[in-house]
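Below is the file model.txt, which contains compact mmCIF, C-alpha atoms and all ligand atoms.
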```txt
# COMPACT_ATOMS: atom_id res chain seq x y z
CA MET A 103 -0.53 -7.81 39.78
CA PRO A 104 0.98 -4.93 41.78
CA SER A 105 -1.42 -2.32 43.15
CA PRO A 106 -2.51 0.33 40.60
CA GLY A 107 -0.13 2.86 42.19
CA ASP A 108 2.87 0.59 41.47
CA ARG A 109 1.90 -0.03 37.89
CA HIS A 110 3.42 1.86 34.97
CA ALA A 111 1.81 1.11 31.60
CA LEU A 112 3.35 1.94 28.27
CA VAL A 113 0.76 2.23 25.49
CA LEU A 114 1.84 2.06 21.84
CA GLY A 115 -0.71 3.36 19.34
CA ALA A 116 -2.21 5.44 22.14
CA THR A 117 -3.46 8.16 19.80
CA GLY A 118 -5.60 5.65 17.91
CA PHE A 119 -9.17 4.66 18.45
CA VAL A 120 -8.53 1.62 20.66
CA GLY A 121 -5.41 3.14 22.27
CA ARG A 122 -7.00 6.31 23.58
CA HIS A 123 -9.88 4.41 25.19
CA LEU A 124 -7.29 2.16 26.85
CA VAL A 125 -5.30 5.18 28.10
CA LEU A 126 -8.50 6.50 29.64
CA ALA A 127 -9.44 3.16 31.23
CA LEU A 128 -5.94 2.75 32.72
CA GLY A 129 -6.01 6.34 33.96
CA HIS A 130 -9.40 5.80 35.62
CA ALA A 131 -7.95 2.67 37.27
CA GLY A 132 -5.14 4.77 38.82
CA VAL A 133 -2.33 3.35 36.66
CA ARG A 134 0.53 5.66 35.60
CA VAL A 135 0.54 5.80 31.81
CA SER A 136 3.24 6.66 29.28
CA THR A 137 2.45 6.73 25.61
CA ALA A 138 4.73 6.17 22.65
CA ASN A 139 3.74 8.41 19.75
CA ARG A 140 5.41 9.03 16.43
CA ARG A 141 4.25 12.65 16.11
CA ARG A 142 3.92 15.55 18.53
CA ALA A 143 0.74 16.61 16.71
CA SER A 144 -1.04 13.30 17.33
CA PHE A 145 -0.01 13.37 20.98
CA GLY A 146 -1.48 16.90 21.13
CA ARG A 147 -4.90 15.45 20.29
CA LEU A 148 -4.46 12.64 22.80
CA ALA A 149 -3.33 14.95 25.61
CA ARG A 150 -6.68 16.76 25.62
CA TRP A 151 -8.77 13.63 25.27
CA PRO A 152 -8.62 12.17 28.83
CA ALA A 153 -9.54 15.57 30.30
CA GLU A 154 -12.49 15.80 27.93
CA HIS A 155 -13.56 12.40 29.28
CA GLY A 156 -13.31 13.06 32.99
CA HIS A 157 -9.66 12.19 33.70
CA ASP A 158 -7.42 15.18 34.31
CA GLU A 159 -4.03 13.53 34.24
CA ALA A 160 -2.45 13.57 30.76
CA PRO A 161 -0.17 10.61 29.97
CA ALA A 162 3.56 11.04 29.41
CA ASP A 163 4.67 11.44 25.80
CA LEU A 164 7.58 9.52 24.22
CA ARG A 165 8.51 9.81 20.55
CA VAL A 166 8.55 6.42 18.76
CA ASP A 167 8.14 5.48 15.12
CA LEU A 168 7.50 1.77 15.02
CA THR A 169 8.99 1.46 11.54
CA GLN A 170 12.33 2.55 13.10
CA PRO A 171 14.33 0.70 15.81
CA LEU A 172 12.72 1.20 19.21
CA LEU A 173 14.26 3.41 21.89
CA PRO A 174 16.51 1.78 24.49
CA ALA A 175 14.69 0.58 27.57
CA GLY A 176 16.71 2.82 29.96
CA LYS A 177 14.05 5.50 30.54
CA LEU A 178 11.34 2.92 30.96
CA ASP A 179 12.94 0.50 33.39
CA ASP A 180 9.97 0.65 35.76
CA VAL A 181 7.35 -0.21 33.10
CA THR A 182 5.24 -3.12 34.33
CA GLU A 183 3.02 -3.62 31.29
CA VAL A 184 3.13 -2.80 27.59
CA TYR A 185 0.03 -2.53 25.39
CA ASN A 186 0.55 -2.54 21.66
CA CYS A 187 -2.46 -0.89 20.01
CA ALA A 188 -0.48 0.42 17.04
CA GLY A 189 -1.38 -0.64 13.55
CA ALA A 190 -1.74 0.87 10.13
CA TYR A 191 -4.58 0.54 7.68
CA ARG A 192 -5.61 2.36 4.55
CA PHE A 193 -7.30 1.49 1.29
CA GLY A 194 -4.88 0.48 -1.44
CA MET A 195 -2.16 -0.45 1.06
CA GLN A 196 0.75 -2.33 -0.53
CA ALA A 197 2.33 -5.45 1.01
CA ASP A 198 5.68 -3.81 1.87
CA GLU A 199 4.04 -0.91 3.65
CA ALA A 200 1.65 -3.21 5.55
CA ARG A 201 4.47 -5.53 6.62
CA ARG A 202 6.67 -2.65 7.83
CA ALA A 203 3.84 -1.09 9.83
CA ASN A 204 2.15 -4.20 11.18
CA VAL A 205 4.64 -7.09 11.17
CA ASP A 206 8.13 -5.60 11.64
CA SER A 207 6.73 -3.26 14.29
CA VAL A 208 5.30 -6.18 16.30
CA ARG A 209 8.64 -7.99 16.17
CA SER A 210 10.48 -4.94 17.51
CA VAL A 211 7.86 -4.37 20.22
CA VAL A 212 8.44 -7.91 21.54
CA VAL A 213 12.23 -7.50 21.44
CA PHE A 214 11.87 -4.18 23.22
CA ALA A 215 9.54 -5.63 25.87
CA ALA A 216 11.96 -8.50 26.53
CA ARG A 217 14.51 -5.93 27.75
CA LEU A 218 12.20 -4.37 30.38
CA PRO A 219 13.32 -5.66 33.78
CA ARG A 220 9.99 -5.18 35.60
CA LEU A 221 7.67 -6.25 32.81
CA ARG A 222 4.78 -8.43 33.96
CA ARG A 223 2.78 -8.57 30.74
CA LEU A 224 2.85 -7.61 27.08
CA VAL A 225 -0.58 -7.25 25.45
CA HIS A 226 -0.97 -7.09 21.68
CA VAL A 227 -4.15 -5.93 19.98
CA SER A 228 -4.18 -8.20 16.98
CA GLY A 229 -6.76 -8.63 14.23
CA TYR A 230 -10.14 -10.14 13.54
CA ARG A 231 -10.17 -13.87 12.64
CA VAL A 232 -6.39 -14.15 12.59
CA GLY A 233 -5.63 -16.07 15.78
CA GLY A 234 -5.25 -19.76 16.51
CA GLN A 235 -2.77 -20.55 13.78
CA ASP A 236 0.57 -22.29 13.72
CA PRO A 237 2.98 -19.54 14.86
CA ARG A 238 6.13 -21.05 13.33
CA PRO A 239 8.04 -18.70 10.96
CA TRP A 240 6.45 -18.44 7.55
CA SER A 241 8.01 -19.72 4.35
CA GLU A 242 8.31 -17.23 1.49
CA GLU A 243 5.68 -19.26 -0.38
CA ARG A 244 3.15 -19.12 2.46
CA ARG A 245 3.69 -15.38 2.75
CA ARG A 246 3.16 -14.82 -0.96
CA GLU A 247 0.00 -16.93 -1.01
CA THR A 248 -1.49 -15.33 2.10
CA TYR A 249 -0.88 -11.79 0.85
CA ARG A 250 -2.32 -12.70 -2.54
CA ALA A 251 -5.40 -14.32 -1.01
CA LEU A 252 -6.17 -11.82 1.76
CA GLY A 253 -4.75 -8.52 0.58
CA ALA A 254 -1.99 -6.51 2.27
CA TYR A 255 -3.67 -5.34 5.51
CA GLU A 256 -5.49 -8.55 6.40
CA ALA A 257 -2.45 -10.69 5.57
CA SER A 258 -0.12 -8.45 7.58
CA LYS A 259 -2.37 -8.86 10.63
CA VAL A 260 -2.34 -12.66 10.22
CA GLU A 261 1.43 -12.70 9.85
CA ALA A 262 1.89 -10.28 12.77
CA ASP A 263 -0.23 -12.49 15.02
CA ALA A 264 2.03 -15.47 14.26
CA VAL A 265 5.23 -13.42 14.63
CA TYR A 266 4.03 -12.03 17.97
CA ARG A 267 3.27 -15.42 19.51
CA PHE A 268 6.48 -16.97 18.19
CA GLU A 269 8.81 -14.13 19.27
CA ALA A 270 7.19 -13.73 22.70
CA GLU A 271 7.60 -17.45 23.41
CA ARG A 272 11.15 -17.44 22.07
CA LEU A 273 12.19 -14.51 24.28
CA GLY A 274 10.25 -15.64 27.34
CA VAL A 275 7.99 -12.56 27.45
CA PRO A 276 4.69 -13.05 29.34
CA TRP A 277 2.15 -12.30 26.64
CA SER A 278 -1.55 -11.89 25.93
CA VAL A 279 -3.24 -11.28 22.63
CA VAL A 280 -6.61 -9.64 21.96
CA ASN A 281 -8.41 -10.40 18.71
CA PRO A 282 -11.25 -7.90 18.48
CA ALA A 283 -13.96 -7.95 15.83
CA SER A 284 -14.95 -4.55 14.36
CA VAL A 285 -14.84 -1.87 17.02
CA ILE A 286 -16.80 1.20 16.07
CA GLY A 287 -17.44 3.08 19.27
CA ASP A 288 -17.89 3.18 23.03
CA SER A 289 -20.45 0.59 24.11
CA VAL A 290 -21.60 2.75 27.04
CA THR A 291 -21.68 6.30 25.66
CA GLY A 292 -22.14 5.45 21.97
CA GLU A 293 -19.27 7.78 21.11
CA ALA A 294 -17.69 6.82 17.78
CA GLY A 295 -14.71 8.47 16.17
CA GLN A 296 -13.32 6.14 13.60
CA TYR A 297 -13.94 7.04 10.00
CA LEU A 298 -12.91 4.27 7.64
CA GLY A 299 -14.07 3.24 4.21
CA LEU A 300 -17.16 5.07 3.02
CA ALA A 301 -17.00 7.60 5.86
CA SER A 302 -13.48 8.72 4.94
CA THR A 303 -14.42 8.83 1.24
CA LEU A 304 -17.35 11.14 2.05
CA ARG A 305 -15.12 13.31 4.25
CA ASP A 306 -12.54 13.65 1.46
CA LEU A 307 -15.26 14.46 -1.06
CA TRP A 308 -16.70 17.08 1.28
CA ARG A 309 -13.29 18.69 1.66
CA GLY A 310 -12.64 18.53 -2.08
CA GLY A 311 -9.58 16.37 -1.46
CA LEU A 312 -10.52 13.14 -3.20
CA PRO A 313 -8.13 12.29 -6.03
CA ALA A 314 -10.30 11.25 -8.95
CA VAL A 315 -9.79 10.53 -12.59
CA PRO A 316 -12.55 12.43 -14.39
CA GLY A 317 -14.23 10.06 -16.83
CA ASN A 318 -17.76 9.12 -17.48
CA ALA A 319 -20.00 7.60 -14.85
CA ARG A 320 -17.26 5.22 -13.77
CA THR A 321 -13.52 4.85 -14.21
CA PHE A 322 -11.92 1.70 -12.88
CA GLU A 323 -8.53 2.29 -11.28
CA LEU A 324 -6.40 0.23 -8.91
CA GLY A 325 -3.09 0.80 -7.16
CA GLU A 326 -1.86 3.88 -5.35
CA PRO A 327 -4.16 6.88 -5.87
CA GLY A 328 -2.29 9.79 -7.46
CA ALA A 329 0.82 7.71 -8.24
CA PRO A 330 2.93 9.15 -11.09
CA THR A 331 3.22 5.87 -13.01
CA VAL A 332 -0.06 4.89 -14.70
CA VAL A 333 -0.62 1.74 -16.72
CA LEU A 334 -3.20 2.00 -19.51
CA PRO A 335 -4.22 -1.61 -20.28
CA GLY A 336 -5.21 -2.67 -23.77
CA LEU A 337 -7.81 -5.09 -25.14
CA PRO A 338 -9.43 -7.40 -24.15
CA VAL A 339 -8.35 -7.21 -20.52
CA ASN A 340 -8.83 -4.87 -17.59
CA ALA A 341 -6.64 -3.17 -15.02
CA ASP A 342 -7.02 -6.12 -12.62
CA THR A 343 -4.63 -8.17 -14.73
CA TRP A 344 -1.94 -5.54 -14.09
CA ALA A 345 -2.24 -5.78 -10.30
CA PRO A 346 0.96 -7.90 -9.81
CA VAL A 347 3.03 -5.46 -11.90
CA VAL A 348 1.51 -2.43 -10.16
CA THR A 349 2.25 -4.03 -6.77
CA ALA A 350 5.84 -4.81 -7.78
CA LEU A 351 6.35 -1.24 -9.01
CA GLY A 352 5.17 0.34 -5.76
CA GLU A 353 4.14 3.90 -6.60
CA ALA A 354 1.95 2.97 -9.52
CA ARG A 355 -1.65 2.47 -10.58
CA ALA A 356 -3.54 1.02 -13.53
CA ALA A 357 -6.61 2.72 -15.00
CA ASP A 358 -8.98 1.31 -17.59
CA LEU A 359 -9.43 3.72 -20.50
CA PRO A 360 -13.02 4.88 -21.17
CA GLY A 361 -14.84 2.08 -22.93
CA LEU A 362 -12.18 -0.54 -22.11
CA GLY A 363 -11.96 -3.03 -19.24
CA MET A 364 -14.35 -2.01 -16.48
CA SER A 365 -14.56 1.72 -17.26
CA GLU A 366 -17.59 3.31 -18.85
CA GLY A 367 -17.49 5.69 -21.79
CA ASP A 368 -16.04 5.22 -25.28
CA ARG A 369 -13.17 6.16 -27.57
CA ASP A 370 -14.53 9.74 -27.98
CA ASP A 371 -13.89 10.34 -24.29
CA TRP A 372 -10.18 9.55 -24.55
CA PRO A 373 -8.82 13.05 -25.33
CA SER A 374 -10.56 14.79 -22.40
CA TRP A 375 -10.00 11.81 -20.06
CA LEU A 376 -6.29 11.61 -20.93
CA ALA A 377 -5.92 15.39 -20.57
CA ALA A 378 -7.42 15.18 -17.06
CA LEU A 379 -5.28 12.15 -16.21
CA VAL A 380 -1.99 13.91 -16.96
CA THR A 381 -2.85 17.47 -15.92
CA LYS A 382 -5.02 16.85 -12.84
CA THR A 383 -4.07 13.54 -11.24
CA GLY A 384 -0.27 13.65 -11.26
CA ALA A 385 0.28 11.03 -14.01
CA ARG A 386 3.82 11.65 -15.31
CA HIS A 387 4.90 8.24 -16.58
CA LEU A 388 2.42 6.57 -18.92
CA VAL A 389 2.71 2.84 -19.55
CA GLY A 390 0.58 1.84 -22.51
CA HIS A 391 -0.08 -1.81 -23.26
CA SER A 392 -1.28 -2.94 -26.68
CA ILE A 393 -3.94 -0.41 -27.78
CA GLY A 394 -3.29 1.46 -24.53
CA ALA A 395 0.07 2.33 -26.12
CA ALA A 396 -1.82 4.46 -28.65
CA ALA A 397 -3.55 6.34 -25.83
CA ALA A 398 -0.22 6.86 -24.08
CA VAL A 399 1.39 8.24 -27.26
CA GLU A 400 -1.66 10.47 -27.87
CA ALA A 401 -1.45 11.89 -24.36
CA ALA A 402 2.32 12.45 -24.56
CA ALA A 403 1.96 14.22 -27.92
CA ALA A 404 -0.90 16.42 -26.70
CA HIS A 405 0.68 17.23 -23.30
CA PRO A 406 4.47 17.16 -23.73
CA ASP A 407 5.02 19.31 -20.62
CA ALA A 408 3.01 16.99 -18.40
CA VAL A 409 4.21 13.57 -19.60
CA GLU A 410 7.82 12.98 -18.63
CA ARG A 411 8.18 9.37 -19.66
CA LEU A 412 6.49 6.91 -21.92
CA THR A 413 6.68 3.13 -21.79
CA LEU A 414 5.08 1.05 -24.52
CA VAL A 415 4.51 -2.61 -23.71
CA ALA A 416 3.77 -4.84 -26.68
CA PRO A 417 2.39 -1.85 -28.61
CA PHE A 418 -0.29 -2.98 -31.03
CA PHE A 419 1.46 -1.40 -34.02
CA LEU A 420 4.34 -3.87 -33.59
CA GLN A 421 2.12 -6.92 -33.83
CA ALA A 422 1.74 -9.22 -36.79
CA ARG A 423 -0.71 -7.94 -39.41
CA SER A 424 -4.37 -8.70 -39.15
CA ALA A 425 -6.81 -8.33 -42.03
CA SER A 426 -9.19 -6.24 -39.94
CA VAL A 427 -6.73 -3.42 -39.23
CA PRO A 428 -5.90 -0.93 -41.99
CA ARG A 429 -2.34 -1.13 -43.34
CA LEU A 430 -1.04 2.29 -42.38
CA PRO A 431 2.47 3.06 -43.70
CA ALA A 432 3.85 3.60 -40.19
CA ARG A 433 2.36 0.33 -39.03
CA TRP A 434 3.75 -1.43 -42.08
CA TYR A 435 7.21 -0.07 -41.28
CA LEU A 436 7.06 -0.80 -37.55
CA GLY A 437 5.81 -4.31 -38.21
CA ARG A 438 8.97 -5.11 -40.16
CA VAL A 439 11.71 -3.01 -38.63
CA SER A 440 14.29 -4.82 -36.46
CA ALA A 441 14.61 -3.91 -32.79
CA ARG A 442 18.19 -2.73 -33.39
CA ALA A 443 17.15 -0.48 -36.30
CA LEU A 444 14.25 0.86 -34.26
CA ALA A 445 16.56 1.67 -31.35
CA GLU A 446 18.91 3.49 -33.78
CA ARG A 447 16.05 5.52 -35.28
CA LEU A 448 14.86 6.51 -31.80
CA PRO A 449 18.10 7.47 -30.07
CA ARG A 450 16.41 8.44 -26.77
CA ALA A 451 14.45 5.21 -26.57
CA GLU A 452 15.41 2.02 -24.81
CA VAL A 453 14.12 -1.25 -26.20
CA THR A 454 13.78 -4.14 -23.75
CA VAL A 455 13.16 -7.59 -25.12
CA ILE A 456 11.69 -10.17 -22.76
CA PRO A 457 12.53 -13.54 -24.30
CA ASP A 458 9.56 -15.85 -24.85
CA ALA A 459 7.04 -13.21 -23.76
CA GLY A 460 3.89 -13.10 -25.85
CA HIS A 461 1.42 -10.26 -26.20
CA HIS A 462 0.43 -10.49 -22.52
CA PRO A 463 3.80 -10.29 -20.73
CA ARG A 464 2.24 -8.94 -17.50
CA LEU A 465 0.58 -12.35 -17.05
CA THR A 466 3.51 -14.55 -18.06
CA HIS A 467 6.47 -12.38 -16.94
CA PRO A 468 5.17 -9.84 -14.37
CA GLU A 469 8.52 -9.34 -12.63
CA GLU A 470 10.41 -8.75 -15.85
CA VAL A 471 7.74 -6.29 -16.99
CA ALA A 472 7.94 -4.45 -13.65
CA HIS A 473 11.74 -4.18 -13.96
CA ALA A 474 11.48 -2.94 -17.52
CA VAL A 475 8.81 -0.36 -16.61
CA ALA A 476 10.79 0.78 -13.56
CA GLY A 477 13.81 1.27 -15.81
CA ASP A 478 16.08 -1.11 -13.92
CA ALA A 479 16.17 -3.91 -16.51
CA PRO A 480 19.23 -3.96 -18.75
CA PRO A 481 18.04 -2.81 -22.18
CA ARG A 482 18.54 -5.66 -24.61
CA VAL A 483 18.09 -5.69 -28.31
CA ARG A 484 18.13 -8.98 -30.12
CA GLU A 485 18.27 -9.97 -33.75
CA PRO A 486 16.36 -11.24 -35.59
CA PHE A 487 13.37 -9.31 -34.27
CA SER A 488 9.95 -10.83 -34.62
CA PRO A 489 7.05 -8.49 -33.85
CA SER A 490 4.96 -11.17 -32.16
CA GLY A 491 6.42 -12.65 -28.99
CA ARG A 492 8.34 -9.54 -27.97
CA SER A 493 7.71 -6.61 -25.69
CA ALA A 494 9.23 -3.21 -26.17
CA ARG A 495 9.88 -0.26 -23.91
CA SER A 496 10.64 3.21 -25.12
CA ARG A 497 11.86 6.08 -23.03
CA GLY A 498 12.16 9.65 -24.14
N1 LIG B 501 -10.87 -0.70 15.13
C1 LIG B 501 -11.21 -1.93 14.82
O1 LIG B 501 -12.33 -2.21 14.43
C2 LIG B 501 -10.20 -3.04 14.95
C3 LIG B 501 -10.62 -4.37 14.80
C4 LIG B 501 -9.67 -5.39 14.92
C5 LIG B 501 -8.34 -5.10 15.16
N2 LIG B 501 -7.96 -3.79 15.28
C6 LIG B 501 -6.53 -3.56 15.53
O2 LIG B 501 -6.40 -2.81 16.72
C7 LIG B 501 -5.28 -1.94 16.63
C8 LIG B 501 -5.74 -0.53 16.94
O3 LIG B 501 -6.78 -0.19 16.02
P1 LIG B 501 -7.38 1.27 15.96
O4 LIG B 501 -8.70 1.16 15.33
O5 LIG B 501 -7.25 1.92 17.29
O6 LIG B 501 -6.37 1.95 14.92
P2 LIG B 501 -6.11 3.50 14.65
O7 LIG B 501 -7.19 4.35 15.24
O8 LIG B 501 -5.84 3.64 13.20
O9 LIG B 501 -4.76 3.79 15.45
C9 LIG B 501 -3.55 3.28 15.01
C10 LIG B 501 -2.47 3.74 15.96
O10 LIG B 501 -1.23 3.20 15.52
C11 LIG B 501 -0.29 4.26 15.45
N3 LIG B 501 0.72 3.96 14.43
C12 LIG B 501 0.53 3.55 13.15
N4 LIG B 501 1.70 3.42 12.53
C13 LIG B 501 2.67 3.75 13.44
C14 LIG B 501 4.09 3.83 13.42
N5 LIG B 501 4.78 3.55 12.29
N6 LIG B 501 4.75 4.20 14.52
C15 LIG B 501 4.08 4.50 15.66
N7 LIG B 501 2.73 4.46 15.75
C16 LIG B 501 2.04 4.09 14.66
C17 LIG B 501 -1.13 5.47 15.08
O11 LIG B 501 -0.38 6.66 15.38
P3 LIG B 501 -0.66 8.08 14.66
O12 LIG B 501 -1.68 8.78 15.51
O13 LIG B 501 0.65 8.75 14.66
O14 LIG B 501 -1.16 7.79 13.27
C18 LIG B 501 -2.32 5.26 15.98
O15 LIG B 501 -2.02 5.66 17.30
C19 LIG B 501 -4.72 -2.10 15.21
O16 LIG B 501 -3.64 -2.99 15.23
C20 LIG B 501 -5.89 -2.71 14.45
O17 LIG B 501 -5.45 -3.50 13.36
C21 LIG B 501 -8.84 -2.77 15.18
```
Please rewrite the model in this file as structure tokens.
Ligand SMILES: NC(=O)c1ccc[n+]([C@@H]2O[C@H](COP(=O)([O-])OP(=O)(O)OC[C@H]3O[C@@H](n4cnc5c(N)ncnc54)[C@H](OP(=O)(O)O)[C@@H]3O)[C@@H](O)[C@H]2O)c1
Amino acid sequence: MPSPGDRHALVLGATGFVGRHLVLALGHAGVRVSTANRRRASFGRLARWPAEHGHDEAPADLRVDLTQPLLPAGKLDDVTEVYNCAGAYRFGMQADEARRANVDSVRSVVVFAARLPRLRRLVHVSGYRVGGQDPRPWSEERRRETYRALGAYEASKVEADAVYRFEAERLGVPWSVVNPASVIGDSVTGEAGQYLGLASTLRDLWRGGLPAVPGNARTFELGEPGAPTVVLPGLPVNADTWAPVVTALGEARAADLPGLGMSEGDRDDWPSWLAALVTKTGARHLVGHSIGAAAAVEAAAAHPDAVERLTLVAPFFLQARSASVPRLPARWYLGRVSARALAERLPRAEVTVIPDAGHHPRLTHPEEVAHAVAGDAPPRVREPFSPSGRSARSRG
């Protein structure tokens, strides 16, 4: 190692919890430090931090967003070491977002480091329990299984660890990897500063900024909080079973109606709950499945200004008759009408037929359902139409 005075460290993720402690430690050791930050505001917080901790020299500030291509190495030709402490985590993170922030970013950091002529070491702060695996490139199947088993953040850290080791070897970059367990504060001073999970929930509640669906004691919701597309599952399932469709849609969530799935309450709570859903939580596109289709229609009829789009998946009134359900005239008609005739009677509606799909198409055909809900499936109407074994989408 050169003497501290000859060293120039570049720290990525320097504004974060681990990064700012590293900036301080390097500063105390007499190493010149540059930091790569995506926002001026976050650097503003970092710039004051070393001084507040007994080191007067603020690090240099470079603007870098790790989801974009990294800056050319020109300005940083004398960098001797790169520390990657950047990473993204939040509850409800989707796989695409996690991969962009944690996997693609690691790949571009290694490529960037390989171009630094004086680089002596690249250090990557990886994840907990993710090391020691075969670093060869992942198959699509392995990726799908790992993300399904571990969830987006955890899986992206596992994949990033493998990508880092593989790319660094491939490009001949001298590398080290750190796999910390949970880090919650300074072991000497006891200073903490990271507020994840319950702490951030309490902070949001305190500030009145927690998006919530008013219901009874408990409403079960998954997906992206505040997303405009909301799936209302039917009987006898819960929102969990919609997770693959919600993930494929991206900006979407699924919420169990009061009294259904894992939410408390009962049918009497639906009007006030639905009113709150569409007027207070940003729900604009309601996707009702089975009996959830009734709730979606109810909400759209009661709040036409708030609901912009309605999608009905296997609506219960298009199913084959059952002795236990009263034979309402509308239900009688809808149970017999052909898809083509229905589409003609509802000129602003699109009817999508998913061949061979039963009453639970999200389980058997999740991708097709996601395309139909997103509106990018070609609308198809087939004759003869049989109410069971078909799913329908209406738009208006
Ligand atoms: N803390 C722990 O307990 C723990 C345990 C094991 C592993 N780790 C890993 O250690 C690393 C650092 O953790 P931490 O707790 O210090 O995280 P943190 O406090 O959340 O900091 C994350 C840093 O990454 C930056 N960042 C995120 N996305 C970026 C992007 N697109 N472009 C540029 N910068 C980006 C953030 O910048 P902004 O300020 O602009 O948001 C911030 O500086 C992460 O990879 C984490 O997974 C942490």
Worksheet item: Between atom CA of Thr169 of chain A and atom CA of Ser207 of chain A, what is the spacing in Å?
Response: 5.9 Å
Extending 3 Å beyond the listed atoms of ligand LIG 501 (chain B) on each side, what axis-aligned box results? I want centre and edge lengths in Å to one decimal, as JSON.
```
{"center_x": -3.8, "center_y": 1.7, "center_z": 14.8, "size_x": 23.1, "size_y": 20.2, "size_z": 11.0}
```
Discussion item. At a cut-off of 7 Å and counting only C-alpha atoms and all ligand atoms, what residues surround ligand LIG 501 (chain B)? Please answer as a VMD selection string.
Written reply: chain A and resid 114 to 121 139 to 141 144 166 to 169 187 to 191 203 227 to 230 259 281 to 286 296
Write out the residues from the selection above, keeping C-alpha atoms, as a PDB file, in the coordinates of the input.
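Contents of result.pdb, as written:
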```pdb
ATOM      1  CA  LEU A 114       1.840   2.060  21.840  1.00  0.00           C
ATOM      2  CA  GLY A 115      -0.710   3.360  19.340  1.00  0.00           C
ATOM      3  CA  ALA A 116      -2.210   5.440  22.140  1.00  0.00           C
ATOM      4  CA  THR A 117      -3.460   8.160  19.800  1.00  0.00           C
ATOM      5  CA  GLY A 118      -5.600   5.650  17.910  1.00  0.00           C
ATOM      6  CA  PHE A 119      -9.170   4.660  18.450  1.00  0.00           C
ATOM      7  CA  VAL A 120      -8.530   1.620  20.660  1.00  0.00           C
ATOM      8  CA  GLY A 121      -5.410   3.140  22.270  1.00  0.00           C
ATOM      9  CA  ASN A 139       3.740   8.410  19.750  1.00  0.00           C
ATOM     10  CA  ARG A 140       5.410   9.030  16.430  1.00  0.00           C
ATOM     11  CA  ARG A 141       4.250  12.650  16.110  1.00  0.00           C
ATOM     12  CA  SER A 144      -1.040  13.300  17.330  1.00  0.00           C
ATOM     13  CA  VAL A 166       8.550   6.420  18.760  1.00  0.00           C
ATOM     14  CA  ASP A 167       8.140   5.480  15.120  1.00  0.00           C
ATOM     15  CA  LEU A 168       7.500   1.770  15.020  1.00  0.00           C
ATOM     16  CA  THR A 169       8.990   1.460  11.540  1.00  0.00           C
ATOM     17  CA  CYS A 187      -2.460  -0.890  20.010  1.00  0.00           C
ATOM     18  CA  ALA A 188      -0.480   0.420  17.040  1.00  0.00           C
ATOM     19  CA  GLY A 189      -1.380  -0.640  13.550  1.00  0.00           C
ATOM     20  CA  ALA A 190      -1.740   0.870  10.130  1.00  0.00           C
ATOM     21  CA  TYR A 191      -4.580   0.540   7.680  1.00  0.00           C
ATOM     22  CA  ALA A 203       3.840  -1.090   9.830  1.00  0.00           C
ATOM     23  CA  VAL A 227      -4.150  -5.930  19.980  1.00  0.00           C
ATOM     24  CA  SER A 228      -4.180  -8.200  16.980  1.00  0.00           C
ATOM     25  CA  GLY A 229      -6.760  -8.630  14.230  1.00  0.00           C
ATOM     26  CA  TYR A 230     -10.140 -10.140  13.540  1.00  0.00           C
ATOM     27  CA  LYS A 259      -2.370  -8.860  10.630  1.00  0.00           C
ATOM     28  CA  ASN A 281      -8.410 -10.400  18.710  1.00  0.00           C
ATOM     29  CA  PRO A 282     -11.250  -7.900  18.480  1.00  0.00           C
ATOM     30  CA  ALA A 283     -13.960  -7.950  15.830  1.00  0.00           C
ATOM     31  CA  SER A 284     -14.950  -4.550  14.360  1.00  0.00           C
ATOM     32  CA  VAL A 285     -14.840  -1.870  17.020  1.00  0.00           C
ATOM     33  CA  ILE A 286     -16.800   1.200  16.070  1.00  0.00           C
ATOM     34  CA  GLN A 296     -13.320   6.140  13.600  1.00  0.00           C
TER      35      GLN A 296
END
```
Worksheet item: How many Å separate atom CA of Arg309 of chain A from atom CA of Arg386 of chain A?
Response: 25.1 Å
Practice prompt. Excluding segment 319-334 of chain A and any residue of its chain fewer than 4 positions from it, enumerate the residues within 8 Å of it, using all atoms listed in the file, and give them as a ChimeraX atom specification.
Written response: /A:194-195,313,315,341-342,344-345,348-349,352-360,363-367,383-391,394-395,397-398
Worksheet item: Distance atom CA of Arg411 of chain A-atom CA of Pro338 of chain A, one decimal place?
Response: 24.7 Å
List the neighbours of Leu224 of chain A out to 12 Å using only C-alpha atoms; skip same-chain residues closer than 6 positions along the sequence, and give me the result as a compact mmCIF listing (two decimals) with C-alpha atoms, in the frame of the given file.
```txt
# COMPACT_ATOMS: atom_id res chain seq x y z
CA ALA A 111 1.81 1.11 31.60
CA LEU A 112 3.35 1.94 28.27
CA VAL A 113 0.76 2.23 25.49
CA LEU A 114 1.84 2.06 21.84
CA VAL A 181 7.35 -0.21 33.10
CA THR A 182 5.24 -3.12 34.33
CA GLU A 183 3.02 -3.62 31.29
CA VAL A 184 3.13 -2.80 27.59
CA TYR A 185 0.03 -2.53 25.39
CA ASN A 186 0.55 -2.54 21.66
CA CYS A 187 -2.46 -0.89 20.01
CA VAL A 208 5.30 -6.18 16.30
CA VAL A 211 7.86 -4.37 20.22
CA VAL A 212 8.44 -7.91 21.54
CA VAL A 213 12.23 -7.50 21.44
CA PHE A 214 11.87 -4.18 23.22
CA ALA A 215 9.54 -5.63 25.87
CA ALA A 216 11.96 -8.50 26.53
CA ARG A 217 14.51 -5.93 27.75
CA LEU A 218 12.20 -4.37 30.38
CA TYR A 266 4.03 -12.03 17.97
CA ARG A 267 3.27 -15.42 19.51
CA GLU A 269 8.81 -14.13 19.27
CA ALA A 270 7.19 -13.73 22.70
CA GLU A 271 7.60 -17.45 23.41
CA LEU A 273 12.19 -14.51 24.28
CA GLY A 274 10.25 -15.64 27.34
CA VAL A 275 7.99 -12.56 27.45
CA PRO A 276 4.69 -13.05 29.34
CA TRP A 277 2.15 -12.30 26.64
CA SER A 278 -1.55 -11.89 25.93
CA VAL A 279 -3.24 -11.28 22.63
CA VAL A 280 -6.61 -9.64 21.96
```
